[in-house]
>>> print(open('structure28.txt').read())   # compact mmCIF, C-alpha atoms
# COMPACT_ATOMS: atom_id res chain seq x y z
CA MET D 5 61.51 -84.54 55.97
CA LYS D 6 60.02 -81.60 57.91
CA ILE D 7 56.54 -80.36 57.25
CA LYS D 8 55.43 -76.94 58.58
CA ILE D 9 51.75 -76.69 59.44
CA LEU D 10 49.51 -74.12 61.11
CA SER D 11 48.27 -75.21 64.50
CA ARG D 12 45.51 -73.29 66.31
CA ASN D 13 43.86 -73.98 69.63
CA PRO D 14 40.08 -73.46 69.31
CA ASP D 15 39.88 -72.38 72.95
CA ASN D 16 41.70 -69.15 72.03
CA TYR D 17 39.12 -67.87 69.55
CA MET D 18 35.88 -69.84 70.02
CA ARG D 19 33.14 -69.22 72.54
CA GLU D 20 32.18 -71.87 75.02
CA THR D 21 28.48 -71.00 74.76
CA VAL D 22 26.35 -68.86 72.50
CA ASP D 23 25.78 -66.33 75.30
CA ASP D 24 29.51 -65.57 75.74
CA MET D 25 31.13 -62.49 74.25
CA PRO D 26 33.17 -63.10 71.07
CA LYS D 27 36.89 -63.22 71.77
CA LEU D 28 38.86 -60.45 70.07
CA LEU D 29 42.53 -60.98 69.27
CA ARG D 30 44.61 -57.83 69.32
CA ASN D 31 48.31 -57.26 69.00
CA VAL D 32 49.38 -54.49 71.39
CA ASP D 33 52.66 -53.80 69.64
CA PRO D 34 52.98 -49.96 69.40
CA ALA D 35 54.56 -50.27 65.97
CA LEU D 36 51.29 -51.62 64.62
CA HIS D 37 49.25 -48.73 66.04
CA PRO D 38 50.95 -45.48 65.00
CA PHE D 39 47.85 -43.31 65.61
CA GLN D 40 46.88 -44.60 69.05
CA ALA D 41 47.42 -41.22 70.78
CA GLU D 42 45.30 -39.42 68.20
CA ARG D 43 42.45 -41.90 68.59
CA GLU D 44 42.61 -41.67 72.39
CA TYR D 45 42.54 -37.87 72.29
CA THR D 46 39.49 -37.89 70.02
CA ARG D 47 37.74 -40.33 72.31
CA ALA D 48 38.60 -38.27 75.40
CA LEU D 49 37.21 -35.16 73.69
CA ASN D 50 34.01 -36.98 72.77
CA TYR D 51 33.60 -38.38 76.29
CA THR D 52 34.03 -34.88 77.75
CA LYS D 53 31.37 -33.49 75.42
CA LEU D 54 29.01 -36.37 76.27
CA ASP D 55 29.47 -35.63 79.97
CA LYS D 56 28.27 -32.09 79.32
CA ILE D 57 25.29 -33.31 77.32
CA PHE D 58 24.15 -35.75 80.01
CA ALA D 59 24.97 -33.49 82.99
CA LYS D 60 21.58 -33.32 84.72
CA PRO D 61 22.31 -33.28 88.45
CA PHE D 62 18.90 -32.22 89.79
CA LEU D 63 16.71 -35.20 90.69
CA CYS D 64 13.71 -33.96 92.68
CA SER D 65 12.36 -31.42 95.14
CA LEU D 66 10.82 -32.47 98.47
CA SER D 67 8.18 -30.15 99.92
CA GLY D 68 6.35 -30.34 103.23
CA HIS D 69 7.87 -27.75 105.52
CA ARG D 70 6.01 -24.54 106.38
CA ASP D 71 9.17 -22.46 106.78
CA GLY D 72 12.74 -22.42 105.54
CA VAL D 73 14.83 -25.57 106.04
CA PHE D 74 17.72 -24.62 108.32
CA LYS D 75 19.08 -27.92 109.69
CA MET D 76 19.48 -31.47 108.40
CA ALA D 77 20.98 -34.72 109.65
CA LYS D 78 21.53 -38.07 107.95
CA HIS D 79 20.97 -41.45 109.54
CA PRO D 80 24.26 -43.30 110.25
CA TYR D 81 22.99 -46.65 108.90
CA SER D 82 19.90 -46.08 106.78
CA LEU D 83 20.90 -44.52 103.45
CA SER D 84 17.35 -43.48 102.62
CA THR D 85 16.53 -41.77 105.95
CA LEU D 86 17.05 -38.03 106.39
CA ILE D 87 15.82 -35.70 109.13
CA SER D 88 15.24 -32.00 108.47
CA GLY D 89 14.20 -29.11 110.70
CA SER D 90 12.60 -25.79 109.85
CA GLY D 91 12.08 -22.36 111.34
CA GLU D 92 8.59 -23.35 112.54
CA GLY D 93 10.02 -25.89 115.00
CA GLU D 94 8.93 -28.98 113.04
CA ILE D 95 11.08 -31.94 112.07
CA ILE D 96 10.34 -34.27 109.16
CA PHE D 97 11.62 -37.81 108.63
CA TRP D 98 12.15 -38.35 104.89
CA ASN D 99 12.47 -41.53 102.85
CA LEU D 100 14.75 -40.46 100.01
CA ALA D 101 14.34 -43.73 98.10
CA ARG D 102 10.59 -43.23 97.85
CA ARG D 103 10.92 -39.43 97.92
CA GLU D 104 8.18 -39.07 100.48
CA ASN D 105 7.50 -37.65 103.92
CA MET D 106 7.38 -40.47 106.48
CA LYS D 107 6.57 -38.44 109.60
CA MET D 108 6.19 -34.82 110.69
CA ILE D 109 6.57 -33.84 114.37
CA GLN D 110 6.14 -30.45 116.00
CA ALA D 111 9.32 -30.68 118.06
CA HIS D 112 9.94 -27.17 119.43
CA GLN D 113 8.22 -23.86 119.99
CA GLY D 114 10.42 -21.80 117.74
CA MET D 115 13.28 -22.36 115.36
CA ILE D 116 15.14 -25.69 115.11
CA ASN D 117 18.81 -24.86 115.75
CA GLY D 118 20.34 -28.32 115.61
CA ILE D 119 19.65 -31.96 114.69
CA SER D 120 21.91 -34.94 115.34
CA CYS D 121 21.57 -38.72 115.14
CA SER D 122 23.07 -41.02 117.75
CA PRO D 123 25.86 -43.37 116.56
CA GLY D 124 23.54 -46.39 116.75
CA GLY D 125 20.82 -44.62 114.81
CA SER D 126 18.04 -45.26 117.34
CA LEU D 127 17.82 -41.68 118.66
CA VAL D 128 17.52 -38.25 117.12
CA THR D 129 18.42 -35.25 119.28
CA THR D 130 17.02 -31.81 118.49
CA VAL D 131 17.64 -28.43 120.08
CA GLY D 132 15.74 -25.21 119.54
CA SER D 133 15.36 -21.60 120.48
CA ASP D 134 13.00 -22.64 123.31
CA ALA D 135 16.07 -23.76 125.37
CA THR D 136 15.12 -27.46 125.36
CA ILE D 137 16.87 -30.66 124.27
CA LYS D 138 14.60 -33.44 123.06
CA HIS D 139 15.42 -37.03 122.16
CA TRP D 140 13.20 -38.86 119.66
CA ASN D 141 12.99 -42.53 118.80
CA VAL D 142 13.74 -43.48 115.20
CA GLY D 143 11.40 -46.23 114.07
CA PRO D 144 8.67 -47.10 111.57
CA PRO D 145 6.23 -44.21 110.96
CA GLU D 146 3.25 -46.12 112.33
CA VAL D 147 4.93 -46.78 115.72
CA GLN D 148 6.96 -43.60 116.02
CA PRO D 149 5.73 -41.61 119.05
CA GLU D 150 4.63 -38.00 118.87
CA GLN D 151 6.29 -37.26 122.23
CA PRO D 152 10.04 -37.29 122.95
CA VAL D 153 11.51 -40.16 124.96
CA ALA D 154 13.59 -37.71 127.02
CA MET D 155 13.85 -33.96 127.43
CA ALA D 156 16.08 -31.47 129.25
CA THR D 157 15.88 -27.71 129.69
CA HIS D 158 18.64 -25.13 129.89
CA ARG D 159 19.10 -21.55 131.00
CA ALA D 160 19.57 -20.25 127.45
CA ALA D 161 18.63 -21.12 123.88
CA PHE D 162 20.73 -23.74 122.13
CA SER D 163 22.44 -23.01 118.82
CA SER D 164 23.73 -26.47 117.75
CA VAL D 165 24.08 -30.12 118.80
CA HIS D 166 26.21 -33.07 117.69
CA HIS D 167 26.68 -36.65 118.93
CA GLN D 168 29.97 -38.32 119.72
CA ASN D 169 30.82 -41.23 117.43
CA SER D 170 31.10 -43.85 120.17
CA LYS D 171 30.16 -47.51 120.48
CA GLU D 172 27.41 -46.73 122.97
CA ASP D 173 24.17 -45.70 121.33
CA GLY D 174 23.44 -42.98 123.90
CA GLY D 175 26.90 -41.84 124.82
CA LEU D 176 27.94 -38.20 124.90
CA PHE D 177 26.74 -35.28 122.83
CA ALA D 178 27.76 -31.62 122.72
CA THR D 179 25.67 -28.47 122.55
CA THR D 180 26.42 -24.76 122.26
CA SER D 181 24.49 -22.01 124.02
CA MET D 182 25.49 -18.45 124.78
CA HIS D 183 29.28 -18.47 125.38
CA VAL D 184 29.77 -22.09 126.49
CA VAL D 185 30.10 -25.57 125.00
CA ASP D 186 28.34 -28.21 127.12
CA ILE D 187 29.06 -31.94 127.11
CA TRP D 188 25.99 -34.01 127.97
CA ASP D 189 25.32 -37.60 128.90
CA TYR D 190 22.10 -39.05 127.56
CA ASN D 191 21.20 -40.42 131.01
CA ARG D 192 21.56 -37.06 132.81
CA VAL D 193 19.60 -33.83 132.76
CA GLN D 194 22.64 -31.62 133.50
CA PRO D 195 25.85 -31.29 131.47
CA VAL D 196 28.80 -33.38 132.66
CA ASN D 197 31.32 -30.79 131.50
CA THR D 198 31.33 -27.18 130.34
CA TYR D 199 33.97 -25.39 128.25
CA LYS D 200 34.31 -21.63 128.01
CA TRP D 201 36.92 -19.66 126.08
CA ASP D 202 35.70 -16.08 126.43
CA ILE D 203 32.43 -14.17 126.35
CA SER D 204 31.80 -14.65 122.62
CA TYR D 205 28.62 -16.38 121.44
CA MET D 206 29.10 -20.05 120.44
CA HIS D 207 26.99 -21.07 117.47
CA TYR D 208 28.38 -24.37 116.10
CA VAL D 209 29.98 -27.55 117.46
CA LYS D 210 30.97 -30.86 115.87
CA PHE D 211 32.72 -34.04 117.03
CA ASN D 212 35.53 -35.68 115.09
CA PRO D 213 34.18 -38.89 113.49
CA VAL D 214 37.54 -40.71 113.78
CA GLU D 215 39.06 -39.39 117.02
CA SER D 216 35.79 -39.40 118.92
CA THR D 217 37.11 -37.44 121.92
CA ILE D 218 38.02 -34.40 119.79
CA LEU D 219 35.49 -31.69 118.93
CA ALA D 220 35.60 -28.16 117.55
CA SER D 221 33.38 -25.11 117.88
CA CYS D 222 32.87 -21.79 116.13
CA ASP D 223 31.93 -18.54 117.85
CA SER D 224 30.93 -14.99 116.98
CA ASP D 225 34.38 -13.61 117.78
CA HIS D 226 35.82 -15.37 114.68
CA ASN D 227 37.37 -18.15 116.81
CA ILE D 228 37.64 -21.84 116.00
CA VAL D 229 38.33 -23.71 119.24
CA ILE D 230 39.38 -27.36 119.54
CA TYR D 231 38.56 -29.40 122.66
CA ASP D 232 39.24 -32.85 124.07
CA VAL D 233 36.51 -34.29 126.32
CA ARG D 234 39.22 -36.01 128.38
CA LYS D 235 40.61 -32.62 129.42
CA LYS D 236 39.06 -29.81 131.41
CA LEU D 237 40.37 -26.96 129.26
CA PRO D 238 40.31 -26.29 125.48
CA LEU D 239 43.30 -27.51 123.50
CA SER D 240 43.91 -24.76 120.95
CA ARG D 241 42.31 -21.90 119.09
CA VAL D 242 42.67 -20.09 115.78
CA LYS D 243 41.17 -16.65 115.20
CA MET D 244 40.08 -15.74 111.67
CA ARG D 245 39.47 -12.31 110.17
CA MET D 246 35.84 -13.25 109.51
CA SER D 247 33.47 -15.50 111.40
CA ALA D 248 33.13 -19.21 110.61
CA ASN D 249 29.53 -20.40 110.17
CA ALA D 250 30.12 -24.17 110.18
CA LEU D 251 32.83 -26.80 110.00
CA ALA D 252 33.19 -30.42 108.92
CA TRP D 253 35.82 -33.01 109.83
CA ASN D 254 37.39 -35.16 107.15
CA PRO D 255 36.07 -38.71 107.76
CA MET D 256 39.28 -40.32 106.43
CA GLU D 257 41.92 -37.94 107.81
CA ALA D 258 41.24 -37.30 111.47
CA PHE D 259 43.43 -34.19 111.73
CA ASN D 260 41.88 -32.22 108.83
CA PHE D 261 38.73 -30.10 108.94
CA THR D 262 37.12 -27.50 106.69
CA VAL D 263 35.33 -24.35 107.83
CA ALA D 264 32.70 -22.30 105.99
CA SER D 265 33.50 -18.62 106.40
CA GLU D 266 31.67 -15.32 106.10
CA ASP D 267 34.33 -14.02 103.68
CA PHE D 268 32.92 -16.21 100.84
CA ASN D 269 35.70 -18.82 101.18
CA CYS D 270 36.23 -22.24 102.73
CA TYR D 271 39.43 -23.06 104.60
CA THR D 272 40.92 -26.49 105.21
CA PHE D 273 43.06 -26.73 108.35
CA ASP D 274 45.37 -29.29 109.86
CA MET D 275 44.68 -29.28 113.61
CA ARG D 276 48.40 -29.84 114.21
CA ARG D 277 49.29 -26.57 112.40
CA LEU D 278 46.58 -23.98 112.94
CA ASN D 279 48.80 -21.01 112.11
CA VAL D 280 48.36 -21.60 108.38
CA ALA D 281 45.49 -22.97 106.29
CA SER D 282 46.29 -26.05 104.25
CA TYR D 283 44.02 -24.94 101.38
CA VAL D 284 41.83 -21.93 100.57
CA HIS D 285 38.75 -22.83 98.49
CA LYS D 286 37.25 -19.96 96.50
CA GLY D 287 34.25 -19.62 94.23
CA HIS D 288 31.23 -18.47 96.22
CA THR D 289 30.14 -14.86 95.93
CA LEU D 290 28.37 -14.58 99.31
CA ALA D 291 28.82 -16.04 102.79
CA VAL D 292 29.26 -19.82 102.98
CA VAL D 293 26.74 -21.26 105.44
CA ASP D 294 27.28 -25.02 105.67
CA VAL D 295 29.76 -27.67 104.55
CA ASP D 296 29.82 -31.47 104.53
CA TYR D 297 32.37 -34.09 103.42
CA SER D 298 31.87 -37.05 101.14
CA PRO D 299 32.35 -40.44 102.85
CA THR D 300 35.54 -40.97 100.82
CA GLY D 301 37.12 -37.82 102.28
CA GLN D 302 38.25 -36.70 98.82
CA GLU D 303 35.64 -33.97 98.25
CA PHE D 304 33.26 -31.74 100.16
CA VAL D 305 30.17 -29.73 99.30
CA ALA D 306 29.50 -26.18 100.49
CA CYS D 307 26.30 -24.11 100.33
CA SER D 308 26.06 -20.35 100.35
CA PHE D 309 23.75 -17.36 100.47
CA ASP D 310 24.44 -16.91 96.73
CA CYS D 311 21.83 -19.69 96.13
CA THR D 312 24.34 -22.27 94.89
CA LEU D 313 26.08 -25.47 95.92
CA ARG D 314 29.72 -26.01 95.05
CA ILE D 315 31.65 -29.29 95.14
CA PHE D 316 35.34 -28.87 95.91
CA PRO D 317 38.13 -31.45 95.72
CA CYS D 318 39.95 -31.34 99.06
CA THR D 319 43.30 -30.47 97.50
CA GLU D 320 42.13 -27.82 95.01
CA SER D 321 41.19 -24.19 95.45
CA THR D 322 38.44 -24.11 92.80
CA SER D 323 35.21 -26.08 92.62
CA ARG D 324 34.64 -28.83 90.10
CA GLU D 325 30.86 -28.39 90.02
CA VAL D 326 28.23 -25.68 90.64
CA TYR D 327 24.57 -26.56 91.24
CA HIS D 328 21.75 -24.03 91.05
CA THR D 329 18.10 -23.73 90.00
CA LYS D 330 15.83 -20.83 89.20
CA ARG D 331 13.60 -21.36 92.24
CA MET D 332 16.25 -22.19 94.84
CA GLN D 333 16.90 -19.33 97.25
CA ARG D 334 19.47 -19.04 100.03
CA VAL D 335 20.76 -22.49 100.97
CA HIS D 336 21.13 -23.07 104.72
CA ALA D 337 21.99 -26.76 105.02
CA VAL D 338 23.62 -29.47 102.93
CA GLN D 339 24.36 -33.18 103.43
CA TRP D 340 26.36 -35.71 101.39
CA SER D 341 24.85 -39.22 101.41
CA LEU D 342 26.83 -42.08 102.90
CA ASP D 343 26.86 -44.03 99.61
CA ASP D 344 28.74 -41.14 97.91
CA ARG D 345 26.13 -40.77 95.17
CA TYR D 346 23.72 -38.03 96.30
CA ILE D 347 23.64 -34.57 97.87
CA VAL D 348 20.66 -33.08 99.72
CA SER D 349 20.22 -29.33 100.23
CA GLY D 350 17.73 -27.35 102.28
CA SER D 351 16.94 -23.79 101.34
CA ASN D 352 14.94 -20.75 102.32
CA GLU D 353 11.86 -21.48 100.21
CA MET D 354 10.82 -24.49 102.36
CA ASN D 355 12.10 -27.21 100.02
CA LEU D 356 14.71 -29.93 100.09
CA ARG D 357 16.46 -30.82 96.84
CA LEU D 358 18.10 -34.07 95.88
CA TRP D 359 21.13 -33.88 93.58
CA LYS D 360 23.56 -36.32 92.03
CA ALA D 361 27.09 -36.08 93.40
CA ARG D 362 28.40 -36.52 89.84
CA ALA D 363 26.26 -34.60 87.40
CA SER D 364 26.53 -36.97 84.41
CA GLU D 365 26.52 -40.25 86.34
CA LYS D 366 24.05 -42.82 85.07
CA LEU D 367 21.78 -44.11 87.84
CA GLY D 368 20.47 -47.62 88.16
CA HIS D 369 21.99 -51.00 87.38
CA LEU D 370 24.88 -51.06 84.91
CA ALA D 371 26.06 -54.06 82.92
CA HIS D 372 29.70 -55.08 83.02
CA ARG D 373 30.37 -53.60 79.59
CA GLN D 374 28.83 -50.26 80.63
CA ARG D 375 31.01 -50.12 83.76
CA ASP D 376 34.09 -50.94 81.69
CA VAL D 377 33.24 -48.17 79.23
CA GLN D 378 32.81 -45.70 82.13
CA LYS D 379 36.18 -46.63 83.63
CA TYR D 380 37.86 -46.37 80.22
CA ALA D 381 36.31 -42.93 79.65
CA GLN D 382 37.42 -41.69 83.07
CA LYS D 383 40.98 -42.87 82.44
CA LEU D 384 41.13 -41.13 79.07
CA GLN D 385 39.68 -37.90 80.48
CA ALA D 386 42.24 -37.91 83.29
CA LYS D 387 45.06 -38.62 80.83
CA TYR D 388 44.20 -35.73 78.50
CA ALA D 389 42.70 -33.35 81.09
CA SER D 390 45.47 -30.77 80.61
CA HIS D 391 44.87 -30.35 76.87
CA PRO D 392 43.42 -26.88 76.19
CA GLN D 393 40.26 -27.89 74.34
CA ILE D 394 39.31 -30.66 76.76
CA SER D 395 40.04 -28.55 79.86
CA ARG D 396 38.03 -25.63 78.44
CA ILE D 397 34.97 -27.82 77.85
CA ALA D 398 35.29 -29.53 81.24
CA ARG D 399 35.56 -26.22 83.10
CA HIS D 400 32.70 -24.42 81.40
CA ARG D 401 29.51 -23.91 83.43
CA HIS D 402 26.29 -22.15 82.52
CA LEU D 403 25.63 -19.75 85.40
CA PRO D 404 22.91 -17.12 85.97
CA ARG D 405 23.67 -13.51 85.14
CA TYR D 406 23.64 -12.39 88.77
CA LEU D 407 26.38 -14.91 89.59
CA HIS D 408 28.52 -13.68 86.70
CA SER D 409 28.07 -10.08 87.85
CA ALA D 410 28.85 -10.89 91.48
CA ALA D 411 31.95 -12.90 90.50
CA LYS D 412 33.12 -10.03 88.29
CA ARG D 413 32.72 -7.51 91.12
CA LEU D 414 34.58 -9.81 93.49
CA ARG D 415 37.47 -10.20 91.04
CA GLU D 416 37.69 -6.44 90.58
CA HIS D 417 37.74 -5.92 94.35
CA ARG D 418 40.49 -8.49 94.89
CA SER D 419 42.58 -7.12 92.05
CA ALA D 420 42.20 -3.58 93.46
CA VAL D 421 43.40 -4.75 96.88
CA LYS D 422 46.35 -6.52 95.30
CA ARG D 423 47.22 -3.47 93.20
CA LYS D 424 47.08 -1.22 96.26
CA GLU D 425 49.43 -3.51 98.18
CA GLU D 426 51.91 -3.53 95.30
CA ASN D 427 51.84 0.27 95.14
CA GLN D 428 52.48 0.46 98.88
CA ARG D 429 55.53 -1.77 98.53
CA LEU D 430 56.90 0.34 95.69
CA ASN D 431 56.63 3.55 97.70
CA ALA D 432 57.75 2.32 101.12
CA LYS D 433 60.93 1.09 102.71
CA PRO D 434 61.86 -2.50 101.92
CA GLY D 435 60.28 -4.90 104.38
CA ARG D 436 57.62 -2.53 105.69
CA PHE D 437 54.83 -4.29 103.79
CA PRO D 438 55.88 -7.96 103.59
CA ARG D 439 54.19 -10.35 101.25
CA ILE D 440 51.72 -12.61 103.06
CA SER D 441 50.51 -15.80 101.45
CA GLU D 442 46.81 -16.37 100.91
CA LYS D 443 46.90 -19.26 103.39
CA LYS D 444 48.04 -16.94 106.21
CA ARG D 445 46.32 -13.71 105.21
CA HIS D 446 42.95 -14.56 106.78
CA ILE D 447 44.35 -15.80 110.12
CA GLN D 448 44.87 -13.27 112.89
CA ASN D 449 46.46 -15.36 115.65
CA THR D 450 46.52 -18.78 117.30
CA ASP D 451 46.68 -19.97 120.91
CA ASP D 452 47.68 -23.35 122.28
>>> encode(input="structure28.txt", output="structure tokens")
Amino acid sequence: MKIKILSRNPDNYMRETVDDMPKLLRNVDPALHPFQAEREYTRALNYTKLDKIFAKPFLCSLSGHRDGVFKMAKHPYSLSTLISGSGEGEIIFWNLARRENMKMIQAHQGMINGISCSPGGSLVTTVGSDATIKHWNVGPPEVQPEQPVAMATHRAAFSSVHHQNSKEDGGLFATTSMHVVDIWDYNRVQPVNTYKWDISYMHYVKFNPVESTILASCDSDHNIVIYDVRKKLPLSRVKMRMSANALAWNPMEAFNFTVASEDFNCYTFDMRRLNVASYVHKGHTLAVVDVDYSPTGQEFVACSFDCTLRIFPCTESTSREVYHTKRMQRVHAVQWSLDDRYIVSGSNEMNLRLWKARASEKLGHLAHRQRDVQKYAQKLQAKYASHPQISRIARHRHLPRYLHSAAKRLREHRSAVKRKEENQRLNAKPGRFPRISEKKRHIQNTDD
């Protein structure tokens, strides 16, 4: 005789202790959940709306400078340390965690044109319009000296400086002045190498963080020149239609870099193919002044004379976020923190501003359930991002009237240029006015 009984294991549905979460049994058979897609869509829509409600990216404003903030540099190891320089020649060491000024030093007689931290983080190098290079010790505020530990003079004013990412804490660093790029050794008072392309004025230089022997410079003749410190001559050059104000190397892809241009756009290049831009990033309505990558290499932030910051994904032409305030004027410098959570901007009205890298991100400690909910919401938003209602809400930004007007004028100008080119093709011989892609339109020529 067979007897059928129900047998259950208590370990499958009972908690071991009172503090444990109750175990939920769920059958994932799709036949039992006919409205799963509808529920997920509703949740994705609600999560998108909640992101808009809790989107408050601005954290605080840091004041202390007596002139506009033109240059900034982040410490390579201390997440809370930031160094900023102003037009009065002063540098300030900031503690971002406490949001306070740790130390102010009158570094130069004139404008600060460049700030860079050594790879080990023990030195800060500054250059100014007084044609001097000064090295400062980074230490506690109470023991930090008022005088530089080393100083060198030059025949002309410096316009930028950047350290090589090497194992040695001193190592090499590069500066630009007049029409040359100089490579310096910390232990010498004269440059160890000098690069010159033509007579144009060099105003920006930056080392590659991955391939530490590679560096690039921008000049007033619209050139972007790439060098290798192991060689005596420049490697290659690309000439743009408008001048490039700054550039940033991708920290995860050594061959990619992004330039901030005077024509309101940013251009991402592959140094192996300089005859065409990999991506053209549009959105600003005035000249783009500075650019910096996130430590993940997936996004970068750009600042402009239109008083805004824009965060661009590396592989998209439009920005995902626009930051602005009523008081913020022209933004000259921007830095992305090494923990990928914050952005710092320096603007013309003598203030630094601290922003969240993701506008609706919740700061502070999160419980496991909160992190799981965030991951679930992000997955749903990515899954239904192409739906019209969700994409419309996610794209919408509240912008000032002057930005709307400037963007409208820019669209009208670009459409007029496009319409004129189409009319020229209709009334000319075939092939006289070829179609040129947007990625090649702004490049004049290249040299290797």
>>> closest_residue(input="structure28.txt", among="D:Leu29, D:Leu83, D:Met354, D:Ala361", to="Lys60 (chain D)", atoms="all atoms listed in the file")
D:Ala361
>>> residues_around(input="structure28.txt", residues="region 378-380 of chain D", least_positions_apart="2", cutoff="12 Å", atoms="only C-alpha atoms", output="list in words")
Glu44, Arg47, Ala48, Tyr51, Thr52, Leu54, Asp55, Ser364, Glu365, Lys366, Leu370, Ala371, His372, Arg373, Gln374, Arg375, Asp376, Gln382, Lys383, Leu384, Gln385, Ala386 and Lys387 of chain D
>>> residues_around(input="structure28.txt", residues="Asn105 (chain D)", least_positions_apart="5", cutoff="9 Å", atoms="all atoms listed in the file", output="PDB file with C-alpha atoms, in the coordinates of the input")
ATOM      1  CA  LEU D  66      10.820 -32.470  98.470  1.00  0.00           C
ATOM      2  CA  SER D  67       8.180 -30.150  99.920  1.00  0.00           C
ATOM      3  CA  GLY D  68       6.350 -30.340 103.230  1.00  0.00           C
ATOM      4  CA  ILE D  96      10.340 -34.270 109.160  1.00  0.00           C
ATOM      5  CA  PHE D  97      11.620 -37.810 108.630  1.00  0.00           C
ATOM      6  CA  TRP D  98      12.150 -38.350 104.890  1.00  0.00           C
ATOM      7  CA  ASN D  99      12.470 -41.530 102.850  1.00  0.00           C
ATOM      8  CA  LEU D 100      14.750 -40.460 100.010  1.00  0.00           C
TER       9      LEU D 100
END
>>> atom_distance(input="structure28.txt", atom1="CA of Val335 (chain D)", atom2="CA of Ala363 (chain D)")
19.0 Å
>>> atom_distance(input="structure28.txt", atom1="CA of Lys443 (chain D)", atom2="CA of Arg401 (chain D)")
26.9 Å
>>> residues_near_point(input="structure28.txt", point="(9.7, -22.4, 126.8)", cutoff="9 Å", atoms="only C-alpha atoms", output="ChimeraX atom specification")
/D:112-113,133-136,157
>>> closest_residue(input="structure28.txt", among="D:Gln168, D:Glu353, D:Thr272, D:Asp296", to="Val214 (chain D)", atoms="all atoms listed in the file")
D:Gln168
>>> residues_around(input="structure28.txt", residues="Asn260 (chain D)", least_positions_apart="3", cutoff="6 Å", atoms="all atoms listed in the file", output="list in words")
Asn254, Glu257, Phe273 and Asp274 of chain D
>>> closest_residue(input="structure28.txt", among="D:Asn141, D:Ser11, D:Thr180, D:Thr198", to="Ala160 (chain D)", atoms="all atoms listed in the file")
D:Thr180
>>> atom_distance(input="structure28.txt", atom1="CA of Tyr208 (chain D)", atom2="CA of Ser65 (chain D)")
27.3 Å
>>> closest_residue(input="structure28.txt", among="D:Ser88, D:Asn50, D:Thr322, D:Ser216", to="Val338 (chain D)", atoms="all atoms listed in the file")
D:Ser88
>>> closest_atom_pairs(input="structure28.txt", of="region 240-332 of chain D", to="region 402-416 of chain D", cutoff="10 Å", atoms="all atoms listed in the file", output="tab-separated table")
residue	atom	partner	partner_atom	distance
D:Phe268	CA	D:Leu414	CA	9.9
D:Gly287	CA	D:Ala411	CA	8.0
D:His288	CA	D:Ala411	CA	8.0
D:Thr289	CA	D:Ala411	CA	6.1
D:Leu290	CA	D:Ala410	CA	8.7
D:Asp310	CA	D:Leu407	CA	7.7
D:Cys311	CA	D:Leu407	CA	9.3
D:Thr312	CA	D:Leu407	CA	9.3
D:Val326	CA	D:Leu403	CA	8.3
D:Tyr327	CA	D:Leu403	CA	9.0
D:His328	CA	D:Leu403	CA	8.1
D:Thr329	CA	D:Pro404	CA	9.1
D:Lys330	CA	D:Pro404	CA	8.6
>>> closest_residue(input="structure28.txt", among="D:Glu442, D:Asp294, D:Asp24, D:Glu320", to="Lys75 (chain D)", atoms="all atoms listed in the file")
D:Asp294
>>> closest_residue(input="structure28.txt", among="D:Pro61, D:Val293, D:Val196, D:Arg43", to="Leu367 (chain D)", atoms="all atoms listed in the file")
D:Pro61
>>> decode(input="structure28.txt", residues="region 261-267 of chain D", atoms="N, CA, C and O atoms", output="PDB file, in the first residue's frame")
ATOM      1  N   PHE D 261      42.080  60.424 -27.445  1.00  0.00           N
ATOM      2  CA  PHE D 261      42.089  61.683 -26.695  1.00  0.00           C
ATOM      3  C   PHE D 261      40.976  62.575 -27.229  1.00  0.00           C
ATOM      4  O   PHE D 261      40.527  62.427 -28.365  1.00  0.00           O
ATOM      5  N   THR D 262      40.538  63.506 -26.386  1.00  0.00           N
ATOM      6  CA  THR D 262      39.450  64.424 -26.722  1.00  0.00           C
ATOM      7  C   THR D 262      39.950  65.852 -26.595  1.00  0.00           C
ATOM      8  O   THR D 262      40.634  66.188 -25.615  1.00  0.00           O
ATOM      9  N   VAL D 263      39.621  66.687 -27.574  1.00  0.00           N
ATOM     10  CA  VAL D 263      40.038  68.085 -27.574  1.00  0.00           C
ATOM     11  C   VAL D 263      38.820  68.988 -27.424  1.00  0.00           C
ATOM     12  O   VAL D 263      37.721  68.671 -27.900  1.00  0.00           O
ATOM     13  N   ALA D 264      39.011  70.097 -26.724  1.00  0.00           N
ATOM     14  CA  ALA D 264      37.984  71.124 -26.558  1.00  0.00           C
ATOM     15  C   ALA D 264      38.278  72.241 -27.552  1.00  0.00           C
ATOM     16  O   ALA D 264      39.347  72.849 -27.510  1.00  0.00           O
ATOM     17  N   SER D 265      37.335  72.511 -28.430  1.00  0.00           N
ATOM     18  CA  SER D 265      37.588  73.397 -29.556  1.00  0.00           C
ATOM     19  C   SER D 265      36.860  74.724 -29.413  1.00  0.00           C
ATOM     20  O   SER D 265      35.870  74.860 -28.671  1.00  0.00           O
ATOM     21  N   GLU D 266      37.357  75.704 -30.177  1.00  0.00           N
ATOM     22  CA  GLU D 266      36.735  77.026 -30.212  1.00  0.00           C
ATOM     23  C   GLU D 266      35.426  77.041 -30.995  1.00  0.00           C
ATOM     24  O   GLU D 266      34.662  78.001 -30.890  1.00  0.00           O
ATOM     25  N   ASP D 267      35.161  75.996 -31.799  1.00  0.00           N
ATOM     26  CA  ASP D 267      33.940  75.982 -32.611  1.00  0.00           C
ATOM     27  C   ASP D 267      32.755  75.359 -31.880  1.00  0.00           C
ATOM     28  O   ASP D 267      31.841  74.822 -32.511  1.00  0.00           O
TER      29      ASP D 267
END
